[in-house]
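The structure appears below as structure tokens.
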Amino acid sequence: TMNFRNSHFCLLMMSMSALPTFMKFMVVLVVSPLITTSIPCTFALEFDMLFQTKCVMEEISKNVLAVIDYEGFKRDSPSEKVPLSVKVEDPYGDVVYVKDNSEGEHYSFTTKRQGDYKTCFTAKDLQTAKTTKVRLDWKTGVAATDWDAIAKKDNLNAIAAELKRMEELTKEIHEEMLVMKQREMQMRDMNESTNARVAWFSVTSLLVCVGLSIWQLYYLRSFFERKKLL
């Protein structure tokens, strides 16, 4: 199982290509402090099957558009397609998408749960898998949106379309930061709970040791008194 993710910085840089130089500078100045937050942005990925089944996982937030493009082909002959069985599962194991004997497909869905979504590719046998490669393009959020179609629908010019794209990208960064904040709070609560349990365990262990020491002293004193050694 593989997991791949990148920064939204690449998408932001590409989206600014049509902007004037001054506006590019202002956008970088405002958004650059947010870029360090390692937010997922996916690219095309090629990998060898090697095993009969191979899976790829990607962590996606709730209510996010995800687009998957894939195709299987011979490693030594890329033009020769290989049919594969494909299955996409959500974080709870529920099947989101499944298709058998597919040489390639374009599929999109909106996530209903937050967590790791898993896409598994299965070849018909191990021998076929050893000679097969898979090309996977998994996009989420802003990267998965068809901005050209939106621009045509809303009659937006190039600059307006790029600004709208960057606005959505900034919203996505903000949402990811809120998710990270929530996780930090959960980790902090877990650490505090663990520290409290360890503290109580230490106190209990100390009390048990003190109690055993007192009992041993009392027992030994009684033993020696019975033996008339004291």
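Identifiers in the structure tokens: chain A, B, ... in order shown; residue index from 1 per chain; ligand index from 1 in order shown.
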DSSP helix (DSSP H, G or I) residues within segment 41-225 of chain A, as number ranges by chain: A: 126-130, 141-144, 147-153, 158-225
For segment 91-107 of chain A: contacts at 7 Å, only C-alpha atoms, fewer than 4 positions along chain excluded, given as number ranges by chain: A: 67-72, 81-87, 115-117
Include all heavy atoms and write out the residues we just selected as a compact mmCIF listing (two decimals), in the first residue's frame.
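The resulting file, part09.txt, is reproduced below:
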# COMPACT_ATOMS: atom_id res chain seq x y z
N VAL A 67 -11.17 13.18 -8.00
CA VAL A 67 -11.20 12.69 -9.38
C VAL A 67 -10.08 11.67 -9.56
O VAL A 67 -8.93 11.95 -9.20
CB VAL A 67 -11.04 13.83 -10.39
CG1 VAL A 67 -10.96 13.28 -11.81
CG2 VAL A 67 -12.20 14.81 -10.28
N ILE A 68 -10.43 10.51 -10.09
CA ILE A 68 -9.45 9.44 -10.29
C ILE A 68 -9.41 9.08 -11.78
O ILE A 68 -10.44 8.76 -12.37
CB ILE A 68 -9.81 8.20 -9.46
CG1 ILE A 68 -9.78 8.53 -7.97
CG2 ILE A 68 -8.86 7.05 -9.77
CD1 ILE A 68 -10.19 7.38 -7.08
N ASP A 69 -8.21 9.16 -12.36
CA ASP A 69 -7.97 8.68 -13.72
C ASP A 69 -6.91 7.59 -13.63
O ASP A 69 -5.86 7.80 -13.01
CB ASP A 69 -7.46 9.82 -14.61
CG ASP A 69 -8.55 10.83 -14.92
OD1 ASP A 69 -9.41 10.51 -15.76
OD2 ASP A 69 -8.54 11.92 -14.33
N TYR A 70 -7.16 6.46 -14.25
CA TYR A 70 -6.20 5.37 -14.18
C TYR A 70 -6.21 4.57 -15.48
O TYR A 70 -7.17 4.61 -16.26
CB TYR A 70 -6.54 4.43 -13.01
CG TYR A 70 -7.85 3.70 -13.16
CD1 TYR A 70 -7.92 2.48 -13.83
CD2 TYR A 70 -9.02 4.24 -12.64
CE1 TYR A 70 -9.13 1.82 -13.98
CE2 TYR A 70 -10.23 3.58 -12.79
CZ TYR A 70 -10.27 2.36 -13.46
OH TYR A 70 -11.47 1.71 -13.62
N GLU A 71 -5.13 3.86 -15.70
CA GLU A 71 -5.04 2.92 -16.82
C GLU A 71 -3.94 1.92 -16.53
O GLU A 71 -2.93 2.24 -15.90
CB GLU A 71 -4.79 3.64 -18.14
CG GLU A 71 -3.47 4.39 -18.21
CD GLU A 71 -3.23 4.97 -19.59
OE1 GLU A 71 -3.89 4.52 -20.54
OE2 GLU A 71 -2.37 5.87 -19.72
N GLY A 72 -4.14 0.69 -16.97
CA GLY A 72 -3.13 -0.35 -16.84
C GLY A 72 -2.54 -0.68 -18.20
O GLY A 72 -3.25 -0.70 -19.20
N LYS A 81 -2.73 -2.15 -23.59
CA LYS A 81 -3.48 -1.98 -22.35
C LYS A 81 -3.72 -3.33 -21.66
O LYS A 81 -3.81 -4.37 -22.31
CB LYS A 81 -4.82 -1.30 -22.61
CG LYS A 81 -4.69 0.04 -23.33
CD LYS A 81 -3.82 1.01 -22.57
CE LYS A 81 -3.70 2.34 -23.31
NZ LYS A 81 -2.79 3.29 -22.61
N VAL A 82 -3.84 -3.25 -20.33
CA VAL A 82 -4.07 -4.45 -19.51
C VAL A 82 -5.33 -4.23 -18.68
O VAL A 82 -5.41 -3.25 -17.92
CB VAL A 82 -2.88 -4.74 -18.59
CG1 VAL A 82 -3.18 -5.95 -17.70
CG2 VAL A 82 -1.61 -4.97 -19.40
N PRO A 83 -6.33 -5.10 -18.80
CA PRO A 83 -7.54 -4.94 -17.98
C PRO A 83 -7.27 -5.27 -16.51
O PRO A 83 -6.60 -6.25 -16.20
CB PRO A 83 -8.52 -5.94 -18.60
CG PRO A 83 -7.65 -6.96 -19.27
CD PRO A 83 -6.43 -6.24 -19.73
N LEU A 84 -7.80 -4.44 -15.64
CA LEU A 84 -7.62 -4.61 -14.19
C LEU A 84 -8.97 -4.46 -13.49
O LEU A 84 -9.87 -3.78 -13.99
CB LEU A 84 -6.65 -3.57 -13.63
CG LEU A 84 -5.22 -3.56 -14.18
CD1 LEU A 84 -4.48 -2.33 -13.68
CD2 LEU A 84 -4.47 -4.83 -13.79
N SER A 85 -9.07 -5.06 -12.33
CA SER A 85 -10.23 -4.84 -11.47
C SER A 85 -9.88 -3.75 -10.47
O SER A 85 -8.83 -3.80 -9.83
CB SER A 85 -10.61 -6.13 -10.73
OG SER A 85 -11.01 -7.13 -11.64
N VAL A 86 -10.74 -2.75 -10.37
CA VAL A 86 -10.46 -1.57 -9.55
C VAL A 86 -11.56 -1.41 -8.51
O VAL A 86 -12.75 -1.57 -8.80
CB VAL A 86 -10.37 -0.30 -10.41
CG1 VAL A 86 -9.99 0.90 -9.56
CG2 VAL A 86 -9.36 -0.50 -11.54
N LYS A 87 -11.14 -1.09 -7.29
CA LYS A 87 -12.09 -0.86 -6.21
C LYS A 87 -11.62 0.29 -5.33
O LYS A 87 -10.46 0.35 -4.94
CB LYS A 87 -12.26 -2.13 -5.36
CG LYS A 87 -13.29 -1.97 -4.24
CD LYS A 87 -13.63 -3.30 -3.59
CE LYS A 87 -12.46 -3.90 -2.86
NZ LYS A 87 -12.84 -5.12 -2.10
N GLY A 115 -10.86 10.82 6.07
CA GLY A 115 -9.95 9.72 6.38
C GLY A 115 -9.22 9.24 5.15
O GLY A 115 -9.16 9.92 4.12
N ASP A 116 -8.64 8.05 5.25
CA ASP A 116 -7.85 7.46 4.16
C ASP A 116 -8.75 6.70 3.19
O ASP A 116 -9.39 5.72 3.57
CB ASP A 116 -6.79 6.52 4.72
CG ASP A 116 -5.69 7.26 5.45
OD1 ASP A 116 -5.40 8.40 5.05
OD2 ASP A 116 -5.14 6.71 6.43
N TYR A 117 -8.77 7.17 1.96
CA TYR A 117 -9.51 6.49 0.89
C TYR A 117 -8.52 5.59 0.14
O TYR A 117 -7.42 6.01 -0.20
CB TYR A 117 -10.16 7.49 -0.05
CG TYR A 117 -11.42 8.08 0.52
CD1 TYR A 117 -11.37 9.04 1.51
CD2 TYR A 117 -12.67 7.66 0.08
CE1 TYR A 117 -12.53 9.59 2.05
CE2 TYR A 117 -13.84 8.19 0.61
CZ TYR A 117 -13.76 9.16 1.59
OH TYR A 117 -14.91 9.68 2.13
Straight-line distance linking atom CA of Lys130 of chain A with atom CA of Glu80 of chain A, stated in Å to one decimal: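 One can read the atom CA of Lys130 of chain A to atom CA of Glu80 of chain A distance as 14.8 Å.
The nearest approach to Asp48 of chain A among the residues A:Lys74, A:Lys118, A:Arg183, A:Arg113, with only C-alpha atoms taken into account, belongs to A:Lys74.
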Residue list (strand (DSSP E), DSSP) for segment 30-177 of chain A, as an NGL selection string: :A and (44-48 or 53-60 or 65-74 or 84-89 or 95-102 or 104-110 or 115-122 or 132-140)
Among the residues A:Lys54, A:Leu178, A:Val142, A:Leu212, the one that comes closest to Glu162 of chain A [using only C-alpha atoms]: A:Val142
One-decimal distance in Å that lies between atom CA of Glu58 of chain A and atom CA of Pro78 of chain A: 25.7 Å
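You will find atom CA of Ser79 of chain A at 24.0 Å from atom CA of Lys139 of chain A.
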